[in-house]
>>> print(open('coords21.txt').read())   # compact mmCIF, C-alpha atoms
# COMPACT_ATOMS: atom_id res chain seq x y z
CA ALA A 136 37.08 -134.06 80.57
CA CYS A 137 36.72 -134.53 76.83
CA VAL A 138 37.93 -131.01 76.07
CA ARG A 139 40.85 -131.42 78.44
CA SER A 140 41.96 -134.70 76.88
CA CYS A 141 41.66 -133.26 73.36
CA VAL A 142 43.75 -130.24 74.28
CA ARG A 143 46.31 -132.34 76.10
CA ALA A 144 46.58 -134.67 73.09
CA CYS A 145 47.02 -131.73 70.75
CA VAL A 146 49.29 -129.43 72.70
CA CYS A 147 51.09 -131.44 75.35
CA VAL A 148 52.04 -134.23 72.97
CA ARG A 149 52.60 -132.39 69.71
CA PHE A 150 54.40 -129.33 71.05
CA PRO A 151 57.45 -131.23 72.36
CA ARG A 152 57.56 -133.27 69.15
CA THR A 153 57.45 -130.07 67.13
CA GLN A 154 60.26 -128.55 69.16
CA CYS A 155 62.27 -131.75 68.70
CA GLN A 156 61.80 -131.52 64.92
CA VAL A 157 63.05 -127.93 64.88
CA SER A 158 66.02 -129.07 66.95
CA LYS A 159 66.81 -131.76 64.35
CA ALA A 160 66.75 -129.21 61.54
CA THR A 161 68.94 -126.81 63.51
CA SER A 162 71.48 -129.48 64.40
CA LEU A 163 71.64 -130.62 60.76
CA ALA A 164 72.33 -127.04 59.65
CA ASP A 165 74.93 -126.62 62.40
CA GLU A 166 76.69 -129.83 61.36
CA VAL A 167 76.74 -128.89 57.68
CA LEU A 168 77.96 -125.36 58.33
CA GLY A 169 80.58 -126.65 60.75
CA ASN A 170 81.92 -129.06 58.14
CA ILE A 171 81.46 -126.84 55.11
CA ARG A 172 84.88 -127.68 53.68
CA THR A 173 84.11 -131.39 53.70
CA VAL A 174 80.70 -130.77 52.17
CA ARG A 175 82.23 -128.69 49.39
CA ALA A 176 85.06 -131.13 48.83
CA PHE A 177 82.56 -133.90 48.05
CA ALA A 178 80.19 -131.53 46.18
CA MET A 179 77.34 -132.38 48.55
CA GLU A 180 75.74 -128.93 48.78
CA ASP A 181 72.60 -130.02 46.91
CA VAL A 182 72.19 -133.18 49.01
CA GLU A 183 72.59 -131.29 52.28
CA ASP A 184 70.28 -128.54 51.05
CA LYS A 185 67.57 -131.11 50.29
CA ALA A 186 68.06 -132.80 53.68
CA TYR A 187 67.75 -129.48 55.50
CA SER A 188 64.73 -128.45 53.43
CA LEU A 189 63.04 -131.74 54.29
CA GLU A 190 63.60 -131.27 58.03
CA VAL A 191 62.37 -127.68 57.90
CA GLN A 192 59.28 -128.74 55.93
CA ARG A 193 58.52 -131.44 58.51
CA SER A 194 58.72 -128.92 61.34
CA ALA A 195 56.52 -126.47 59.39
CA ASP A 196 53.92 -129.22 58.87
CA MET A 197 53.99 -130.08 62.57
CA TYR A 198 53.51 -126.44 63.58
CA GLN A 199 50.62 -126.11 61.14
CA ARG A 200 48.88 -129.13 62.68
CA LEU A 201 49.56 -127.74 66.14
CA GLY A 202 48.14 -124.35 65.14
CA LEU A 203 45.06 -126.02 63.68
CA GLY A 204 44.46 -127.91 66.92
CA ILE A 205 44.86 -124.81 69.06
CA GLY A 206 42.62 -122.82 66.70
CA LEU A 207 39.90 -125.47 66.80
CA PHE A 208 40.05 -125.63 70.57
CA GLN A 209 39.85 -121.87 71.01
CA GLY A 210 37.05 -121.58 68.46
CA LEU A 211 34.96 -124.31 70.05
CA SER A 212 35.57 -123.12 73.60
CA ASN A 213 34.67 -119.53 72.64
CA PHE A 214 31.55 -120.81 70.92
CA ALA A 215 30.52 -122.74 74.03
CA ILE A 216 31.30 -119.95 76.46
CA ASN A 217 29.54 -117.30 74.37
CA GLY A 218 26.64 -119.70 73.84
CA MET A 219 26.17 -119.66 77.59
CA VAL A 220 25.55 -115.90 77.51
CA LEU A 221 23.21 -116.27 74.54
CA LEU A 222 21.24 -118.94 76.38
CA VAL A 223 20.91 -116.69 79.43
CA LEU A 224 19.67 -113.79 77.28
CA TYR A 225 17.20 -115.96 75.40
CA SER A 226 15.76 -117.73 78.42
CA GLY A 227 15.78 -114.51 80.44
CA GLY A 228 14.01 -112.66 77.64
CA SER A 229 11.39 -115.40 77.48
CA LEU A 230 10.84 -115.22 81.23
CA MET A 231 10.60 -111.42 81.06
CA ALA A 232 8.01 -111.69 78.27
CA GLN A 233 5.96 -113.98 80.53
CA HIS A 234 6.40 -111.53 83.44
CA GLN A 235 8.16 -114.18 85.55
CA LEU A 236 11.43 -112.24 85.76
CA THR A 237 12.27 -108.56 86.14
CA ALA A 238 14.90 -106.73 84.14
CA GLY A 239 17.04 -106.23 87.25
CA ASP A 240 17.00 -109.96 88.03
CA LEU A 241 18.02 -110.75 84.46
CA MET A 242 20.86 -108.23 84.59
CA SER A 243 22.19 -109.59 87.89
CA PHE A 244 22.07 -113.13 86.50
CA LEU A 245 23.79 -111.96 83.31
CA VAL A 246 26.58 -110.32 85.33
CA ALA A 247 27.10 -113.57 87.22
CA THR A 248 27.15 -115.50 83.92
CA GLN A 249 29.71 -113.14 82.42
CA THR A 250 31.88 -113.52 85.52
CA MET A 251 31.75 -117.30 85.06
CA GLN A 252 32.49 -116.81 81.37
CA ARG A 253 35.58 -114.71 82.07
CA SER A 254 36.95 -117.02 84.73
CA GLY A 255 36.20 -120.15 82.72
CA CYS A 256 37.93 -118.76 79.65
CA GLY A 257 40.94 -117.68 81.69
CA VAL A 258 41.29 -121.07 83.34
CA LEU A 259 40.92 -122.95 80.07
CA MET A 260 43.47 -120.83 78.24
CA THR A 261 46.14 -120.64 80.90
CA ARG A 262 45.98 -124.14 82.41
CA THR A 263 45.51 -126.26 79.32
CA LEU A 264 47.35 -124.43 76.57
CA TRP A 265 50.37 -122.93 78.22
CA HIS A 266 50.96 -125.14 81.25
CA PRO A 267 53.23 -128.04 80.16
CA ARG A 268 51.35 -130.61 82.24
CA GLY A 269 47.80 -129.35 81.59
CA TRP A 270 45.46 -129.85 84.53
CA GLY A 271 47.59 -132.47 86.26
>>> encode(input="coords21.txt", output="structure tokens")
Amino acid sequence: ACVRSCVRACVCVRFPRTQCQVSKATSLADEVLGNIRTVRAFAMEDVEDKAYSLEVQRSADMYQRLGLGIGLFQGLSNFAINGMVLLVLYSGGSLMAQHQLTAGDLMSFLVATQTMQRSGCGVLMTRTLWHPRGWG
């Protein structure tokens, strides 16, 4: 639940805002280029250039924050999912050293863990990051 709410806050809220910011910059450029004669008549090229640069910089900053959030989520989720396999190997190795588990039992449990790992990673990546409404 915590991971889902963090991802939703990062992606589902920031992504539309970021797209809106890019739309603002594009519409400003379209307006200036459409009225280029008026802009030149009043010698406003520098002012319009600064306004466009500001909008583009804002959208770049938003995309950088969005990328950081997605990167943190993927890094932490990969760490947790791969930690699950490491935990199985460690505990299974300990049980094998104590002769409480056979190698075949450990391998079958590891295959089941890797299946859970693959499906969990697929669900996390497709449902939360790329679906516009997340889990809901």
>>> closest_residue(input="coords21.txt", among="A:Leu224, A:Met231, A:Leu189, A:Val174", to="A:Lys159", atoms="only C-alpha atoms")
A:Leu189
>>> atom_distance(input="coords21.txt", atom1="atom CA of A:Ala195", atom2="atom CA of A:Met179")
24.2 Å
>>> closest_residue(input="coords21.txt", among="A:Thr248, A:Asn170, A:Ser226, A:Thr153", to="A:Gln199", atoms="all atoms listed in the file")
A:Thr153
>>> closest_residue(input="coords21.txt", among="A:Arg200, A:His234, A:Ala176, A:Val223", to="A:Val246", atoms="only C-alpha atoms")
A:Val223
>>> atom_distance(input="coords21.txt", atom1="atom CA of A:Ile205", atom2="atom CA of A:Met219")
21.2 Å
>>> atom_distance(input="coords21.txt", atom1="atom CA of A:Val191", atom2="atom CA of A:Val157")
7.0 Å
>>> residues_around(input="coords21.txt", residues="A:Leu168", least_positions_apart="6", cutoff="12 Å", atoms="only C-alpha atoms", output="VMD selection string")
chain A and resid 161 to 162 174 to 175 180 183 to 184 187
>>> axis_aligned_box(input="coords21.txt", around="stretch 214-223 of chain A", padding_each_side="5 Å", output="AutoDock Vina command-line options")
--center_x 26.2 --center_y -119.3 --center_z 75.2 --size_x 20.6 --size_y 16.8 --size_z 18.5
>>> closest_residue(input="coords21.txt", among="A:Phe214, A:Glu190, A:Arg152, A:Ala178", to="A:Ala164", atoms="all atoms listed in the file")
A:Glu190
>>> closest_residue(input="coords21.txt", among="A:Ala232, A:Val167, A:Arg193, A:Gly204", to="A:Asp181", atoms="all atoms listed in the file")
A:Val167
